[in-house]
file my_file.tsv (TSV, C-alpha atoms)
chain	number	residue	atom	x	y	z
A	569	MET	CA	0.00	0.00	0.00
A	570	GLU	CA	1.27	3.44	-0.93
A	571	LYS	CA	0.14	6.89	0.16
A	572	ILE	CA	-0.02	9.63	-2.47
A	573	ASN	CA	-0.24	13.21	-1.27
A	574	ILE	CA	-2.62	15.30	-3.37
A	575	GLU	CA	-3.71	18.47	-1.51
A	576	GLU	CA	-5.97	19.67	-4.30
A	577	LYS	CA	-9.26	21.50	-4.04
A	578	ILE	CA	-12.10	19.10	-4.81
A	579	LEU	CA	-13.81	21.63	-7.05
A	580	SER	CA	-10.56	22.72	-8.71
A	581	LYS	CA	-11.94	21.92	-12.16
A	582	ASN	CA	-14.89	24.26	-11.61
A	583	ILE	CA	-12.68	26.88	-9.96
A	584	LYS	CA	-10.27	26.90	-12.95
A	585	LYS	CA	-13.13	27.21	-15.41
A	586	ALA	CA	-14.74	29.98	-13.35
A	587	ASP	CA	-11.43	31.87	-13.16
A	588	ALA	CA	-11.08	31.66	-16.95
A	589	LEU	CA	-14.63	32.98	-17.37
A	590	ARG	CA	-13.91	35.83	-14.94
A	591	GLU	CA	-10.88	36.81	-17.03
A	592	LEU	CA	-13.00	36.75	-20.17
A	593	PHE	CA	-15.74	38.89	-18.59
A	594	LYS	CA	-13.10	41.35	-17.40
A	595	GLU	CA	-11.57	41.61	-20.86
A	596	LYS	CA	-15.01	42.23	-22.38
A	597	GLY	CA	-16.10	44.62	-19.61
A	598	VAL	CA	-19.22	42.61	-18.78
A	599	PHE	CA	-20.61	42.81	-15.25
A	600	VAL	CA	-21.84	39.38	-14.22
A	601	LEU	CA	-24.38	38.77	-11.49
A	602	ASN	CA	-25.24	35.37	-10.03
A	603	LEU	CA	-28.78	35.65	-8.64
A	604	VAL	CA	-29.68	33.01	-6.04
A	605	SER	CA	-32.62	32.22	-3.77
A	606	SER	CA	-34.96	29.43	-2.76
A	607	PRO	CA	-37.69	28.59	-5.31
A	608	GLY	CA	-40.45	31.18	-5.52
A	609	SER	CA	-38.69	34.14	-3.90
A	610	GLY	CA	-39.29	36.24	-7.00
A	611	LYS	CA	-35.95	36.22	-8.82
A	612	THR	CA	-37.53	36.33	-12.27
A	613	SER	CA	-40.04	39.00	-11.22
A	614	ILE	CA	-37.22	41.14	-9.85
A	615	LEU	CA	-35.41	40.76	-13.17
A	616	GLU	CA	-38.54	41.76	-15.09
A	617	SER	CA	-38.98	44.88	-12.97
A	618	THR	CA	-35.29	45.81	-12.99
A	619	LEU	CA	-34.36	45.07	-16.58
A	620	THR	CA	-37.31	46.99	-17.98
A	621	GLY	CA	-35.66	50.11	-16.61
A	622	LEU	CA	-32.10	49.21	-17.67
A	623	LYS	CA	-32.56	47.69	-21.12
A	624	ASP	CA	-32.55	50.95	-23.07
A	625	LYS	CA	-29.26	52.01	-21.55
A	626	TYR	CA	-27.37	48.71	-21.43
A	627	ASN	CA	-26.95	45.57	-23.51
A	628	ILE	CA	-28.16	42.76	-21.33
A	629	GLY	CA	-28.10	38.97	-21.48
A	630	VAL	CA	-29.73	36.53	-19.11
A	631	ILE	CA	-28.97	32.87	-18.45
A	632	GLU	CA	-31.82	31.06	-16.73
A	633	GLY	CA	-31.21	27.89	-14.75
A	634	ASP	CA	-34.04	25.48	-13.93
A	635	LEU	CA	-34.49	21.73	-13.70
A	636	GLN	CA	-37.09	21.83	-16.44
A	637	THR	CA	-39.05	24.22	-18.71
A	638	ASP	CA	-38.00	27.43	-20.43
A	639	ASN	CA	-40.78	29.44	-18.79
A	640	ASP	CA	-38.37	31.91	-17.17
A	641	ALA	CA	-36.37	32.51	-20.34
A	642	LYS	CA	-39.64	33.19	-22.17
A	643	ARG	CA	-40.61	35.80	-19.57
A	644	ILE	CA	-37.29	37.60	-20.06
A	645	ARG	CA	-37.51	37.39	-23.88
A	646	LYS	CA	-40.89	39.12	-23.71
A	647	LEU	CA	-38.98	42.21	-22.55
A	648	GLY	CA	-36.92	42.08	-25.73
A	649	ILE	CA	-33.86	40.81	-23.84
A	650	LYS	CA	-31.73	37.92	-25.02
A	651	ALA	CA	-32.20	34.93	-22.70
A	652	HIS	CA	-30.84	31.41	-22.76
A	653	GLN	CA	-32.36	28.62	-20.70
A	654	ILE	CA	-30.23	25.90	-19.13
A	655	ASN	CA	-32.20	22.85	-18.04
A	656	THR	CA	-30.16	20.96	-15.49
A	657	GLY	CA	-32.39	17.86	-15.53
A	658	GLY	CA	-32.01	16.89	-11.90
A	659	ALA	CA	-29.07	19.01	-10.83
A	660	CYS	CA	-29.69	21.57	-8.11
A	661	HIS	CA	-27.17	24.20	-9.23
A	662	LEU	CA	-25.33	25.59	-12.25
A	663	GLU	CA	-21.64	24.90	-12.85
A	664	ALA	CA	-19.03	26.98	-14.69
A	665	SER	CA	-18.88	24.52	-17.60
A	666	GLY	CA	-22.60	25.07	-18.27
A	667	ILE	CA	-22.09	28.84	-18.31
A	668	GLU	CA	-19.14	28.51	-20.70
A	669	LYS	CA	-21.30	26.51	-23.10
A	670	SER	CA	-24.18	29.01	-22.87
A	671	LEU	CA	-21.91	31.88	-23.84
A	672	GLU	CA	-21.97	30.63	-27.44
A	673	GLN	CA	-25.48	32.11	-27.52
A	674	PHE	CA	-24.33	35.62	-26.63
A	675	ASP	CA	-22.21	38.36	-28.16
A	676	LEU	CA	-19.97	39.38	-25.26
A	677	ASP	CA	-18.39	42.18	-27.30
A	678	ASN	CA	-21.73	43.91	-27.24
A	679	MET	CA	-22.79	43.18	-23.70
A	680	ASP	CA	-22.65	45.23	-20.50
A	681	LEU	CA	-24.54	43.00	-18.09
A	682	LEU	CA	-24.95	39.25	-17.85
A	683	ILE	CA	-27.34	37.94	-15.25
A	684	ILE	CA	-27.25	34.30	-14.29
A	685	GLU	CA	-30.44	33.30	-12.54
A	686	ASN	CA	-29.40	30.17	-10.68
A	687	VAL	CA	-31.57	27.16	-9.88
A	688	GLY	CA	-33.86	27.94	-6.92
A	689	ASN	CA	-31.88	26.50	-4.03
A	690	LEU	CA	-30.25	28.17	-1.03
A	691	VAL	CA	-27.63	25.49	-0.40
A	692	CYS	CA	-25.87	24.04	-3.43
A	693	PRO	CA	-25.21	27.10	-5.65
A	694	SER	CA	-23.09	28.59	-2.83
A	695	SER	CA	-20.30	26.10	-3.56
A	696	PHE	CA	-20.04	26.67	-7.31
A	697	ASP	CA	-18.26	29.73	-8.62
A	698	LEU	CA	-19.55	30.72	-12.08
A	699	GLY	CA	-17.01	33.45	-12.75
A	700	GLU	CA	-19.43	36.12	-11.58
A	701	ASP	CA	-18.54	39.49	-10.07
A	702	CYS	CA	-20.93	38.93	-7.22
A	703	LYS	CA	-23.75	36.82	-5.90
A	704	VAL	CA	-26.99	38.49	-4.88
A	705	VAL	CA	-29.35	36.49	-2.68
A	706	VAL	CA	-33.12	37.04	-2.57
A	707	ILE	CA	-35.25	36.20	0.47
A	708	SER	CA	-38.97	36.92	0.36
A	709	THR	CA	-41.12	37.98	3.29
A	710	THR	CA	-43.21	34.80	3.07
A	711	GLU	CA	-40.19	32.63	3.86
A	712	GLY	CA	-39.45	33.60	7.46
A	713	ASP	CA	-37.01	36.14	8.83
A	714	ASP	CA	-34.58	33.50	10.14
A	715	LYS	CA	-33.72	32.26	6.62
A	716	PRO	CA	-30.21	33.79	6.79
A	717	ALA	CA	-29.51	31.91	10.04
A	718	LYS	CA	-30.77	28.65	8.52
A	719	TYR	CA	-28.81	29.00	5.27
A	720	PRO	CA	-25.69	30.88	6.34
A	721	SER	CA	-23.38	29.49	3.65
A	722	MET	CA	-25.26	31.36	0.93
A	723	ILE	CA	-25.34	34.62	2.88
A	724	ARG	CA	-21.61	34.35	3.53
A	725	VAL	CA	-20.72	34.29	-0.17
A	726	SER	CA	-23.20	36.99	-1.23
A	727	SER	CA	-22.53	40.69	-1.71
A	728	ALA	CA	-26.13	41.85	-1.46
A	729	LEU	CA	-29.43	40.68	-0.02
A	730	ILE	CA	-32.77	41.61	-1.57
A	731	ILE	CA	-35.72	41.23	0.79
A	732	ASN	CA	-38.56	40.83	-1.69
A	733	LYS	CA	-42.38	40.95	-1.49
A	734	THR	CA	-42.39	43.81	1.02
A	735	ASP	CA	-46.01	44.49	-0.03
A	736	LEU	CA	-46.96	41.35	1.94
A	737	LEU	CA	-45.34	42.49	5.20
A	738	GLU	CA	-48.65	43.45	6.76
A	739	HIS	CA	-49.98	39.92	6.21
A	740	VAL	CA	-47.01	37.85	7.41
A	741	ASP	CA	-44.95	37.51	10.59
A	742	PHE	CA	-41.72	38.67	9.02
A	743	ASN	CA	-39.48	40.91	11.06
A	744	THR	CA	-37.29	42.77	8.58
A	745	GLU	CA	-34.89	44.03	11.25
A	746	GLU	CA	-34.35	40.49	12.58
A	747	CYS	CA	-33.68	39.20	9.08
A	748	ILE	CA	-31.09	41.93	8.46
A	749	LYS	CA	-29.50	41.30	11.88
A	750	TYR	CA	-29.04	37.59	11.13
A	751	ALA	CA	-27.69	38.31	7.67
A	752	LYS	CA	-25.23	40.99	8.82
A	753	GLY	CA	-24.06	38.69	11.61
A	754	ILE	CA	-22.86	36.29	8.93
A	755	GLN	CA	-21.71	38.85	6.39
A	756	PRO	CA	-21.24	42.34	7.90
A	757	ASP	CA	-20.58	44.00	4.52
A	758	LEU	CA	-23.81	42.74	2.97
A	759	LYS	CA	-25.70	45.43	1.06
A	760	ILE	CA	-29.44	45.30	1.82
A	761	PHE	CA	-32.33	46.13	-0.54
A	762	GLN	CA	-36.05	45.87	0.15
A	763	THR	CA	-38.26	45.43	-2.88
A	764	SER	CA	-41.78	44.74	-4.04
A	765	CYS	CA	-42.41	43.87	-7.66
A	766	LYS	CA	-46.11	44.56	-7.13
A	767	THR	CA	-45.75	48.16	-5.92
A	768	GLY	CA	-42.31	48.84	-7.38
A	769	GLU	CA	-40.94	49.77	-3.96
A	770	GLY	CA	-37.15	49.64	-3.77
A	771	ILE	CA	-36.64	48.61	-7.39
A	772	LYS	CA	-35.16	51.99	-8.27
A	773	HIS	CA	-32.68	51.88	-5.40
A	774	TRP	CA	-31.55	48.37	-6.40
A	775	SER	CA	-31.38	49.33	-10.08
A	776	ILE	CA	-29.09	52.27	-9.28
A	777	TRP	CA	-26.72	49.94	-7.42
A	778	LEU	CA	-26.70	47.60	-10.40
A	779	ALA	CA	-26.15	50.42	-12.90
A	780	GLU	CA	-23.20	51.70	-10.86
A	781	ALA	CA	-21.69	48.22	-10.84
A	782	ILE	CA	-22.10	47.96	-14.63
A	783	GLU	CA	-20.47	51.38	-15.13
A	784	SER	CA	-17.47	50.61	-12.95
A	785	LYS	CA	-16.90	47.28	-14.72
A	786	ARG	CA	-17.07	49.01	-18.11
A	787	LYS	CA	-14.34	51.47	-17.14
A	788	SER	CA	-12.01	48.98	-15.48
B	821	MET	CA	-27.73	17.21	-3.60
B	822	HIS	CA	-24.58	18.92	-4.83
B	823	GLU	CA	-22.76	16.17	-2.89
B	824	ALA	CA	-23.09	14.03	-6.04
B	825	SER	CA	-21.09	16.61	-8.05
B	826	ILE	CA	-18.53	16.82	-5.27
B	827	ALA	CA	-18.23	13.03	-5.06
B	828	GLN	CA	-17.70	12.82	-8.84
B	829	ASN	CA	-14.94	15.44	-8.65
B	830	VAL	CA	-13.30	13.53	-5.79
B	831	LEU	CA	-13.36	10.31	-7.79
B	832	ASP	CA	-12.01	11.98	-10.93
B	833	ILE	CA	-9.07	13.50	-9.05
B	834	ALA	CA	-8.35	10.26	-7.15
B	835	ILE	CA	-8.48	8.06	-10.27
B	836	ASN	CA	-6.35	10.46	-12.33
B	837	THR	CA	-3.75	10.65	-9.59
B	838	ALA	CA	-3.70	6.88	-9.08
B	839	THR	CA	-3.37	6.25	-12.81
B	840	GLU	CA	-0.52	8.77	-13.12
B	841	ASN	CA	1.26	6.88	-10.35
B	842	SER	CA	0.71	3.50	-12.04
B	843	ALA	CA	-1.51	2.20	-9.25
B	844	ILE	CA	-4.09	-0.49	-9.93
B	845	LYS	CA	-6.43	0.01	-7.01
B	846	ILE	CA	-7.49	2.81	-4.66
B	847	ASN	CA	-8.02	1.74	-1.03
B	848	LYS	CA	-8.58	5.03	0.75
B	849	VAL	CA	-9.46	8.60	-0.18
B	850	CYS	CA	-8.87	11.24	2.49
B	851	LEU	CA	-10.68	14.59	2.35
B	852	LYS	CA	-10.47	17.79	4.36
B	853	ILE	CA	-13.83	19.46	4.78
B	854	GLY	CA	-14.26	22.72	6.64
B	855	GLN	CA	-17.35	23.33	8.75
B	856	LEU	CA	-18.18	26.43	6.75
B	857	THR	CA	-18.82	24.43	3.59
B	858	ALA	CA	-22.37	23.27	3.09
B	859	ILE	CA	-21.52	19.59	2.77
B	860	GLU	CA	-23.60	16.83	4.29
B	861	GLU	CA	-21.27	13.95	5.14
B	862	ASN	CA	-23.80	11.13	4.81
B	863	SER	CA	-24.96	12.36	1.42
B	864	LEU	CA	-21.37	12.67	0.24
B	865	LYS	CA	-20.53	9.12	1.36
B	866	PHE	CA	-23.71	7.78	-0.23
B	867	ALA	CA	-22.91	9.49	-3.54
B	868	PHE	CA	-19.27	8.37	-3.41
B	869	ASP	CA	-20.29	4.74	-2.81
B	870	ALA	CA	-22.77	4.85	-5.69
B	871	LEU	CA	-20.32	6.43	-8.14
B	872	LYS	CA	-17.24	4.35	-7.25
B	873	GLU	CA	-18.75	1.09	-8.54
B	874	ASP	CA	-16.94	-0.42	-11.52
B	875	THR	CA	-13.97	1.90	-11.09
B	876	MET	CA	-10.52	1.26	-9.60
B	877	ALA	CA	-11.91	2.86	-6.43
B	878	ALA	CA	-14.72	0.29	-6.11
B	879	ASN	CA	-13.50	-0.79	-2.67
B	880	ALA	CA	-12.17	2.57	-1.55
B	881	GLU	CA	-13.07	3.99	1.82
B	882	LEU	CA	-13.85	7.70	2.10
B	883	LEU	CA	-12.25	9.31	5.15
B	884	ILE	CA	-13.24	12.82	6.13
B	885	GLU	CA	-11.22	15.11	8.35
B	886	HIS	CA	-13.42	17.91	9.64
B	887	ILE	CA	-11.73	21.28	9.91
B	888	PRO	CA	-13.12	23.58	12.62
B	889	ILE	CA	-14.05	27.21	12.08
B	890	VAL	CA	-11.28	29.42	13.42
B	891	GLY	CA	-11.81	33.16	13.30
B	892	LYS	CA	-9.64	36.12	14.16
B	893	CYS	CA	-11.25	39.34	15.29
B	894	ASN	CA	-10.12	42.37	13.34
B	895	ASN	CA	-11.24	44.61	16.18
B	896	CYS	CA	-9.47	43.16	19.26
B	897	GLY	CA	-7.28	40.52	17.63
B	898	LYS	CA	-8.61	37.50	19.54
B	899	LYS	CA	-8.34	34.15	17.77
B	900	ASP	CA	-10.91	31.50	18.70
B	901	THR	CA	-12.76	28.42	17.46
B	902	TYR	CA	-16.46	28.77	16.59
B	903	SER	CA	-19.16	26.16	16.14
B	904	GLU	CA	-21.54	28.13	13.94
B	905	MET	CA	-21.36	30.28	10.86
B	906	PHE	CA	-23.26	33.04	12.58
B	907	PHE	CA	-20.62	34.42	14.87
B	908	SER	CA	-19.25	37.48	16.51
B	909	CYS	CA	-16.00	37.75	18.47
B	910	SER	CA	-16.12	35.77	21.73
B	911	ASN	CA	-14.16	38.53	23.42
B	912	CYS	CA	-15.48	41.90	22.19
B	913	GLY	CA	-18.62	40.96	20.21
B	914	SER	CA	-17.45	42.52	16.94
B	915	TYR	CA	-18.65	40.97	13.67
B	916	LYS	CA	-15.48	41.99	11.87
B	917	MET	CA	-14.13	38.45	11.81
B	918	GLU	CA	-11.47	37.14	9.51
B	919	ILE	CA	-11.82	33.43	8.77
B	920	LEU	CA	-8.58	31.51	9.30
B	921	SER	CA	-9.95	28.02	8.66
B	922	GLY	CA	-13.22	26.21	8.02
B	923	GLU	CA	-13.54	26.86	4.28
B	924	GLU	CA	-11.51	23.81	3.21
B	925	LEU	CA	-12.92	21.48	0.59
B	926	SER	CA	-9.96	19.48	-0.59
B	927	ILE	CA	-8.65	16.03	-1.30
B	928	LYS	CA	-5.68	15.44	0.96
B	929	GLU	CA	-4.27	12.06	-0.06
B	930	ILE	CA	-5.12	8.63	-1.38
B	931	GLU	CA	-3.83	5.18	-0.49
B	932	VAL	CA	-3.29	2.86	-3.43
B	933	ASP	CA	-1.89	-0.53	-4.38

call {"tool": "encode", "arguments": {"input": "my_file.tsv", "output": "structure tokens"}}
result
Amino acid sequence: MEKINIEEKILSKNIKKADALRELFKEKGVFVLNLVSSPGSGKTSILESTLTGLKDKYNIGVIEGDLQTDNDAKRIRKLGIKAHQINTGGACHLEASGIEKSLEQFDLDNMDLLIIENVGNLVCPSSFDLGEDCKVVVISTTEGDDKPAKYPSMIRVSSALIINKTDLLEHVDFNTEECIKYAKGIQPDLKIFQTSCKTGEGIKHWSIWLAEAIESKRKS
Amino acid sequence: MHEASIAQNVLDIAINTATENSAIKINKVCLKIGQLTAIEENSLKFAFDALKEDTMAANAELLIEHIPIVGKCNNCGKKDTYSEMFFSCSNCGSYKMEILSGEELSIKEIEVD
């Protein structure tokens, strides 16, 4: 019997691919957002509300990840925005190799913003780097304010938290301050947004943040 | 169940390494997994056992070394071990913690014939 020392990261293949994608996005000046949440938090609705306001100013592409159907990609295409659907079959997350393959569908030379809407899941996507600039996590008010404490790994790797469906606050026992406290306890630098796609509350504030991120990536 | 993806990556690395070293059989695969990673050990072992069939690792045992969360406070400088991801400094209560260990997700070594 012989021992062989390896000391290699288990996900090194994904990490290498993600690093190569990040280089490519940097060279092309494309800001890339990896949008994550549990199923039904309103990721696609947030995109519809946000991108409507940004699409005249920026060239945008969207990659949609779901186990099945291209329903989400269709919703984005209705806005006149290029969208590609990845169906993972059974897989609970997207991997860098899937993103690389999807890029064949897009013209990165004429793109400012690429949004990757990950599979609805608050656990698995946290482990898989897709070459993005940042992850943004969505938690909706119907899910419970202790979500960040229950799924800390996702909060820890995210740059911003969107608390969505604020129009329902009067009907649910969701304490926004508690939710923010849990989230900041895990990731003190987390940027917080509060949105409602029904009333439009907070969408402008979030869109400004996104536009600033796009602009700074363009210049760099 | 991203444990299945992780198990497949572990197997790929182990088999490639064993083949490069002219081994014929893998007996043990040793991993280092930090407590900050969202990995469920039973799921990982289950996936590994399912995927190893009909490979040179068919009889391999998966050994996992758990790495504790160690954080250093950037406010008062205290270094301590923590059991949860949600943590503030045990000395001064600050949330400005630098993570020294607990994020590991690596394959340490294999034992082969």

call {"tool": "residues_around", "arguments": {"input": "my_file.tsv", "residues": "Glu575 of chain A", "least_positions_apart": "5", "cutoff": "12 Å", "atoms": "all atoms listed in the file", "output": "PyMOL selection string"}}
result
(chain A and resi 580) or (chain B and resi 830+833-834+837+849-853+924-930)

call {"tool": "residues_around", "arguments": {"input": "my_file.tsv", "residues": "Ser910 of chain B", "least_positions_apart": "3", "cutoff": "9 Å", "atoms": "all atoms listed in the file", "output": "PyMOL selection string"}}
result
chain B and resi 893+898-900+902+907+913-914

call {"tool": "residues_near_point", "arguments": {"input": "my_file.tsv", "point": "(-10.3, 36.7, 9.4)", "cutoff": "7 Å", "atoms": "all atoms listed in the file", "output": "compact mmCIF listing (two decimals) with C-alpha atoms, in the coordinates of the input"}}
result
# COMPACT_ATOMS: atom_id res chain seq x y z
CA GLY B 891 -11.81 33.16 13.30
CA LYS B 892 -9.64 36.12 14.16
CA CYS B 893 -11.25 39.34 15.29
CA ASN B 894 -10.12 42.37 13.34
CA MET B 917 -14.13 38.45 11.81
CA GLU B 918 -11.47 37.14 9.51
CA ILE B 919 -11.82 33.43 8.77
CA LEU B 920 -8.58 31.51 9.30

call {"tool": "closest_residue", "arguments": {"input": "my_file.tsv", "among": "A:Val604, A:Ile723, A:Cys765, A:Leu737", "to": "Lys749 of chain A", "atoms": "only C-alpha atoms"}}
result
A:Ile723

call {"tool": "atom_distance", "arguments": {"input": "my_file.tsv", "atom1": "atom CA of Gly753 of chain A", "atom2": "atom CA of Tyr915 of chain B"}}
result
6.2 Å

call {"tool": "closest_residue", "arguments": {"input": "my_file.tsv", "among": "B:Ala858, B:Val890, B:Ala870, B:Ile884", "to": "Leu690 of chain A", "atoms": "all atoms listed in the file"}}
result
B:Ala858

call {"tool": "residues_around", "arguments": {"input": "my_file.tsv", "residues": "Ala824 of chain B", "least_positions_apart": "3", "cutoff": "9 Å", "atoms": "all atoms listed in the file", "output": "JSON, numbers by chain"}}
result
{"B": [821, 827, 828, 829, 863, 864, 866, 867, 868, 871]}

call {"tool": "residues_around", "arguments": {"input": "my_file.tsv", "residues": "Pro720 of chain A", "least_positions_apart": "3", "cutoff": "8 Å", "atoms": "all atoms listed in the file", "output": "PyMOL selection string"}}
result
(chain A and resi 716-717+723-724+751+754) or (chain B and resi 905-906)

call {"tool": "closest_residue", "arguments": {"input": "my_file.tsv", "among": "B:Ser921, B:Asn847, B:Asn895, B:Asn911", "to": "chain A", "atoms": "all atoms listed in the file"}}
result
B:Asn847

call {"tool": "closest_residue", "arguments": {"input": "my_file.tsv", "among": "A:Val598, A:Ile583, A:Ile572, A:Ile730", "to": "Gly770 of chain A", "atoms": "only C-alpha atoms"}}
result
A:Ile730

call {"tool": "interface_residues", "arguments": {"input": "my_file.tsv", "of": "chain A", "to": "chain B", "cutoff": "7 Å", "atoms": "all atoms listed in the file", "output": "PyMOL selection string"}}
result
chain A and resi 569-579+660+691-692+717+720-721+753-754+756

call {"tool": "axis_aligned_box", "arguments": {"input": "my_file.tsv", "around": "segment 698-706 of chain A", "padding_each_side": "4 Å", "output": "lines of an AutoDock Vina configuration file"}}
result
center_x = -25.1
center_y = 35.1
center_z = -7.7
size_x = 24.1
size_y = 16.8
size_z = 18.2

call {"tool": "residues_around", "arguments": {"input": "my_file.tsv", "residues": "segment 761-764 of chain A", "least_positions_apart": "3", "cutoff": "8 Å", "atoms": "all atoms listed in the file", "output": "list in words"}}
result
Ala728, Leu729, Ile730, Ile731, Asn732, Lys733, Thr734, Asp735, Thr767, Gly768, Glu769, Gly770, Ile771, His773 and Trp774 of chain A

call {"tool": "closest_residue", "arguments": {"input": "my_file.tsv", "among": "B:Thr875, B:Ile844, B:Ser903, B:Cys912", "to": "Ile887 of chain B", "atoms": "all atoms listed in the file"}}
result
B:Ser903

call {"tool": "atom_distance", "arguments": {"input": "my_file.tsv", "atom1": "atom CA of Cys747 of chain A", "atom2": "atom CA of Asp713 of chain A"}}
result
4.5 Å

call {"tool": "atom_distance", "arguments": {"input": "my_file.tsv", "atom1": "atom CA of Glu711 of chain A", "atom2": "atom CA of Asn602 of chain A"}}
result
20.6 Å

call {"tool": "closest_residue", "arguments": {"input": "my_file.tsv", "among": "A:Ser617, A:Ser695, A:Ser727, A:Ser775", "to": "Leu647 of chain A", "atoms": "all atoms listed in the file"}}
result
A:Ser617
